[in-house]
Amino acid sequence: MPINLTINGSRKSVDVEGDTPLLWVLRDKLDMVGTKFGCGVGQCGACTVHIDGQPVRACLTPVESVGEAKITTIEGIGSAAVGKKLQQAWIEHDVPQCGYCQAGQIMSAAALLATTPKPTDDDIDAAMNGNLCRCATYLRIKAAIKQAAGV
Ligand code: FES
Ligand code: FES
């Protein structure tokens, strides 16, 4: 059935079953492949997007549950000041190794800084806890978040 979505400020219409995970709509229907499939069961964070600013796992989000809420993906996060700072810090700290997890990492970091502009180490650990990195770039991720936050 046709479902209307607002993604990165643009209206999109997709013809899918309502219980289709948002992740597959983004990747397969809209060709927005920045959001990654990792585990498919909410355990790795690779598929993290924002819905009305909240970080959610797109693999566990039925597309029909989004409604009129605003979706932000890694393709759009650089339009926000926080997202832009994070992307710059990611480059300066040379964070990615294979890069697979990094879109999800940046989305979780952006959600953290939007609500907690000056996070403590514990804040960062708590916010980033659900984003796994098989290349173990955790120290660089933390350093980049701190730089972006100016702490
Ligand atoms: S793919 Fe969604 S949490 Fe792993
Ligand atoms: S950079 Fe390879 S999984 Fe994180």
# chains A, B, ... in the order shown; residues from 1 in each chain; ligands from 1

call {"tool": "residues_near_ligand", "arguments": {"ligand": "ligand 1", "cutoff": "9 Å", "atoms": "only C-alpha atoms and all ligand atoms", "output": "VMD selection string"}}
result
chain A and resid 23 35 to 48 56 to 60 104 130 to 132

call {"tool": "write_last_selection", "arguments": {"atoms": "all heavy atoms", "output": "compact mmCIF listing (two decimals), in the first residue's frame"}}
result
# COMPACT_ATOMS: atom_id res chain seq x y z
N LEU A 23 14.24 0.05 7.45
CA LEU A 23 15.57 -0.16 6.87
C LEU A 23 15.47 -0.61 5.42
O LEU A 23 16.22 -0.13 4.56
CB LEU A 23 16.33 -1.21 7.69
CG LEU A 23 17.73 -1.57 7.18
CD1 LEU A 23 18.64 -0.36 7.11
CD2 LEU A 23 18.33 -2.66 8.07
N THR A 35 22.39 3.97 5.34
CA THR A 35 21.94 3.25 6.53
C THR A 35 22.19 1.77 6.30
O THR A 35 21.74 1.20 5.31
CB THR A 35 20.44 3.51 6.78
OG1 THR A 35 20.23 4.93 6.86
CG2 THR A 35 19.98 2.87 8.06
N LYS A 36 22.92 1.15 7.22
CA LYS A 36 23.41 -0.20 6.98
C LYS A 36 22.59 -1.29 7.68
O LYS A 36 22.02 -1.07 8.75
CB LYS A 36 24.86 -0.31 7.45
CG LYS A 36 25.82 0.59 6.67
CD LYS A 36 25.92 0.15 5.22
CE LYS A 36 27.02 0.86 4.47
NZ LYS A 36 26.62 2.22 4.05
N PHE A 37 22.59 -2.47 7.05
CA PHE A 37 22.04 -3.67 7.67
C PHE A 37 23.19 -4.42 8.35
O PHE A 37 24.15 -4.81 7.67
CB PHE A 37 21.41 -4.57 6.61
CG PHE A 37 21.09 -5.95 7.11
CD1 PHE A 37 20.11 -6.15 8.06
CD2 PHE A 37 21.77 -7.05 6.62
CE1 PHE A 37 19.81 -7.42 8.52
CE2 PHE A 37 21.48 -8.32 7.08
CZ PHE A 37 20.51 -8.52 8.03
N GLY A 38 23.08 -4.58 9.66
CA GLY A 38 24.10 -5.35 10.38
C GLY A 38 23.52 -6.66 10.86
O GLY A 38 23.75 -7.72 10.28
N CYS A 39 22.74 -6.58 11.93
CA CYS A 39 22.21 -7.80 12.55
C CYS A 39 20.75 -8.06 12.19
O CYS A 39 20.30 -9.21 12.18
CB CYS A 39 22.35 -7.69 14.07
SG CYS A 39 21.36 -6.34 14.76
N GLY A 40 20.01 -7.01 11.96
CA GLY A 40 18.58 -7.15 11.66
C GLY A 40 17.71 -7.41 12.86
O GLY A 40 16.50 -7.57 12.72
N VAL A 41 18.30 -7.44 14.05
CA VAL A 41 17.51 -7.75 15.25
C VAL A 41 17.74 -6.74 16.38
O VAL A 41 17.56 -7.05 17.55
CB VAL A 41 17.79 -9.19 15.76
CG1 VAL A 41 17.25 -10.21 14.78
CG2 VAL A 41 19.28 -9.41 16.02
N GLY A 42 18.16 -5.53 16.02
CA GLY A 42 18.24 -4.49 17.03
C GLY A 42 19.45 -4.55 17.95
O GLY A 42 19.47 -3.89 18.99
N GLN A 43 20.47 -5.31 17.55
CA GLN A 43 21.59 -5.51 18.48
C GLN A 43 22.87 -4.75 18.13
O GLN A 43 23.76 -4.65 18.95
CB GLN A 43 21.93 -7.01 18.53
CG GLN A 43 20.82 -7.89 19.07
CD GLN A 43 20.52 -7.59 20.53
OE1 GLN A 43 21.43 -7.50 21.36
NE2 GLN A 43 19.25 -7.42 20.84
N CYS A 44 22.97 -4.22 16.91
CA CYS A 44 24.28 -3.68 16.50
C CYS A 44 24.30 -2.17 16.27
O CYS A 44 25.37 -1.56 16.30
CB CYS A 44 24.76 -4.39 15.24
SG CYS A 44 23.92 -3.87 13.72
N GLY A 45 23.17 -1.58 15.98
CA GLY A 45 23.12 -0.13 15.77
C GLY A 45 23.51 0.35 14.39
O GLY A 45 23.45 1.55 14.11
N ALA A 46 23.87 -0.55 13.49
CA ALA A 46 24.30 -0.13 12.15
C ALA A 46 23.19 0.60 11.39
O ALA A 46 23.46 1.42 10.52
CB ALA A 46 24.78 -1.34 11.34
N CYS A 47 21.95 0.28 11.73
CA CYS A 47 20.80 0.82 10.99
C CYS A 47 20.18 2.05 11.66
O CYS A 47 19.06 2.42 11.34
CB CYS A 47 19.73 -0.26 10.90
SG CYS A 47 19.06 -0.67 12.54
N THR A 48 20.91 2.68 12.57
CA THR A 48 20.33 3.78 13.35
C THR A 48 19.96 4.99 12.48
O THR A 48 20.78 5.47 11.70
CB THR A 48 21.32 4.24 14.45
OG1 THR A 48 21.66 3.10 15.24
CG2 THR A 48 20.69 5.32 15.34
N VAL A 56 16.61 5.56 16.52
CA VAL A 56 15.85 4.29 16.50
C VAL A 56 16.56 3.32 15.58
O VAL A 56 17.35 3.71 14.71
CB VAL A 56 14.39 4.49 16.00
CG1 VAL A 56 13.63 5.46 16.87
CG2 VAL A 56 14.37 4.93 14.55
N ARG A 57 16.25 2.05 15.78
CA ARG A 57 16.79 0.99 14.93
C ARG A 57 15.84 0.78 13.76
O ARG A 57 14.73 0.27 13.93
CB ARG A 57 16.94 -0.31 15.73
CG ARG A 57 17.78 -0.20 17.00
CD ARG A 57 19.18 0.24 16.70
NE ARG A 57 20.05 0.12 17.87
CZ ARG A 57 20.80 1.11 18.33
NH1 ARG A 57 20.75 2.31 17.76
NH2 ARG A 57 21.61 0.92 19.35
N ALA A 58 16.28 1.14 12.58
CA ALA A 58 15.42 1.05 11.40
C ALA A 58 15.04 -0.40 11.08
O ALA A 58 14.01 -0.66 10.47
CB ALA A 58 16.10 1.70 10.21
N CYS A 59 15.88 -1.34 11.51
CA CYS A 59 15.58 -2.76 11.23
C CYS A 59 14.40 -3.26 12.03
O CYS A 59 13.80 -4.28 11.69
CB CYS A 59 16.80 -3.64 11.47
SG CYS A 59 17.31 -3.79 13.21
N LEU A 60 14.08 -2.56 13.12
CA LEU A 60 12.97 -3.00 13.99
C LEU A 60 11.76 -2.07 13.89
O LEU A 60 10.82 -2.22 14.67
CB LEU A 60 13.43 -3.03 15.46
CG LEU A 60 14.50 -4.04 15.85
CD1 LEU A 60 14.76 -3.97 17.35
CD2 LEU A 60 14.10 -5.45 15.44
N GLY A 104 25.76 4.55 11.53
CA GLY A 104 24.98 4.36 12.75
C GLY A 104 25.63 5.03 13.94
O GLY A 104 24.96 5.60 14.80
N GLY A 130 24.97 0.87 22.41
CA GLY A 130 24.29 -0.06 21.51
C GLY A 130 24.83 -0.08 20.09
O GLY A 130 24.27 -0.75 19.22
N ASN A 131 25.90 0.68 19.84
CA ASN A 131 26.49 0.70 18.49
C ASN A 131 27.79 -0.09 18.50
O ASN A 131 28.80 0.34 19.07
CB ASN A 131 26.76 2.14 18.05
CG ASN A 131 25.50 2.87 17.66
OD1 ASN A 131 24.78 3.39 18.53
ND2 ASN A 131 25.19 2.89 16.38
N LEU A 132 27.75 -1.23 17.86
CA LEU A 132 28.92 -2.10 17.85
C LEU A 132 29.83 -1.77 16.66
O LEU A 132 29.35 -1.38 15.60
CB LEU A 132 28.49 -3.56 17.78
CG LEU A 132 27.52 -4.01 18.87
CD1 LEU A 132 27.22 -5.49 18.73
CD2 LEU A 132 28.07 -3.70 20.26

call {"tool": "residues_near_ligand", "arguments": {"ligand": "ligand 2", "cutoff": "10 Å", "atoms": "only C-alpha atoms and all ligand atoms", "output": "NGL selection string"}}
result
:A and (38 or 44 or 46 or 95-105 or 131-138 or 141)

call {"tool": "write_last_selection", "arguments": {"atoms": "C-alpha atoms", "output": "compact mmCIF listing (two decimals), in the first residue's frame"}}
result
# COMPACT_ATOMS: atom_id res chain seq x y z
CA GLY A 38 24.10 -5.35 10.38
CA CYS A 44 24.28 -3.68 16.50
CA ALA A 46 24.30 -0.13 12.15
CA VAL A 95 37.69 7.34 12.81
CA PRO A 96 36.51 4.72 10.29
CA GLN A 97 38.34 1.50 9.60
CA CYS A 98 36.11 -0.61 7.35
CA GLY A 99 33.46 2.07 7.85
CA TYR A 100 30.49 -0.27 7.98
CA CYS A 101 29.20 0.78 11.39
CA GLN A 102 30.03 4.45 11.11
CA ALA A 103 26.78 5.84 9.76
CA GLY A 104 24.98 4.36 12.75
CA GLN A 105 27.68 5.62 15.10
CA ASN A 131 26.49 0.70 18.49
CA LEU A 132 28.92 -2.10 17.85
CA CYS A 133 32.12 -1.75 15.82
CA ARG A 134 33.85 -4.92 14.73
CA CYS A 135 36.97 -2.88 13.93
CA ALA A 136 36.98 -1.52 17.49
CA THR A 137 37.22 2.17 16.66
CA TYR A 138 35.64 3.04 20.00
CA ILE A 141 34.68 7.60 18.15

call {"tool": "closest_atom_pairs", "arguments": {"of": "region 33-111 of chain A", "to": "region 13-18 of chain A", "cutoff": "9 Å", "atoms": "only C-alpha atoms", "output": "tab-separated table"}}
result
residue	atom	partner	partner_atom	distance
A:Pro62	CA	A:Gly18	CA	6.5
A:Val63	CA	A:Gly18	CA	5.8
A:Glu64	CA	A:Gly18	CA	4.6
A:Ser65	CA	A:Gly18	CA	8.0

call {"tool": "residues_around", "arguments": {"residues": "region 113-121 of chain A", "least_positions_apart": "5", "cutoff": "8 Å", "atoms": "only C-alpha atoms", "output": "ChimeraX atom specification"}}
result
/A:82,146,149-151

call {"tool": "atom_distance", "arguments": {"atom1": "CA of Pro55 (chain A)", "atom2": "CA of Thr6 (chain A)"}}
result
15.8 Å

call {"tool": "closest_residue", "arguments": {"among": "A:Val33, A:Met107, A:Ile71, A:Ala144", "to": "Gly9 (chain A)", "atoms": "only C-alpha atoms"}}
result
A:Ile71
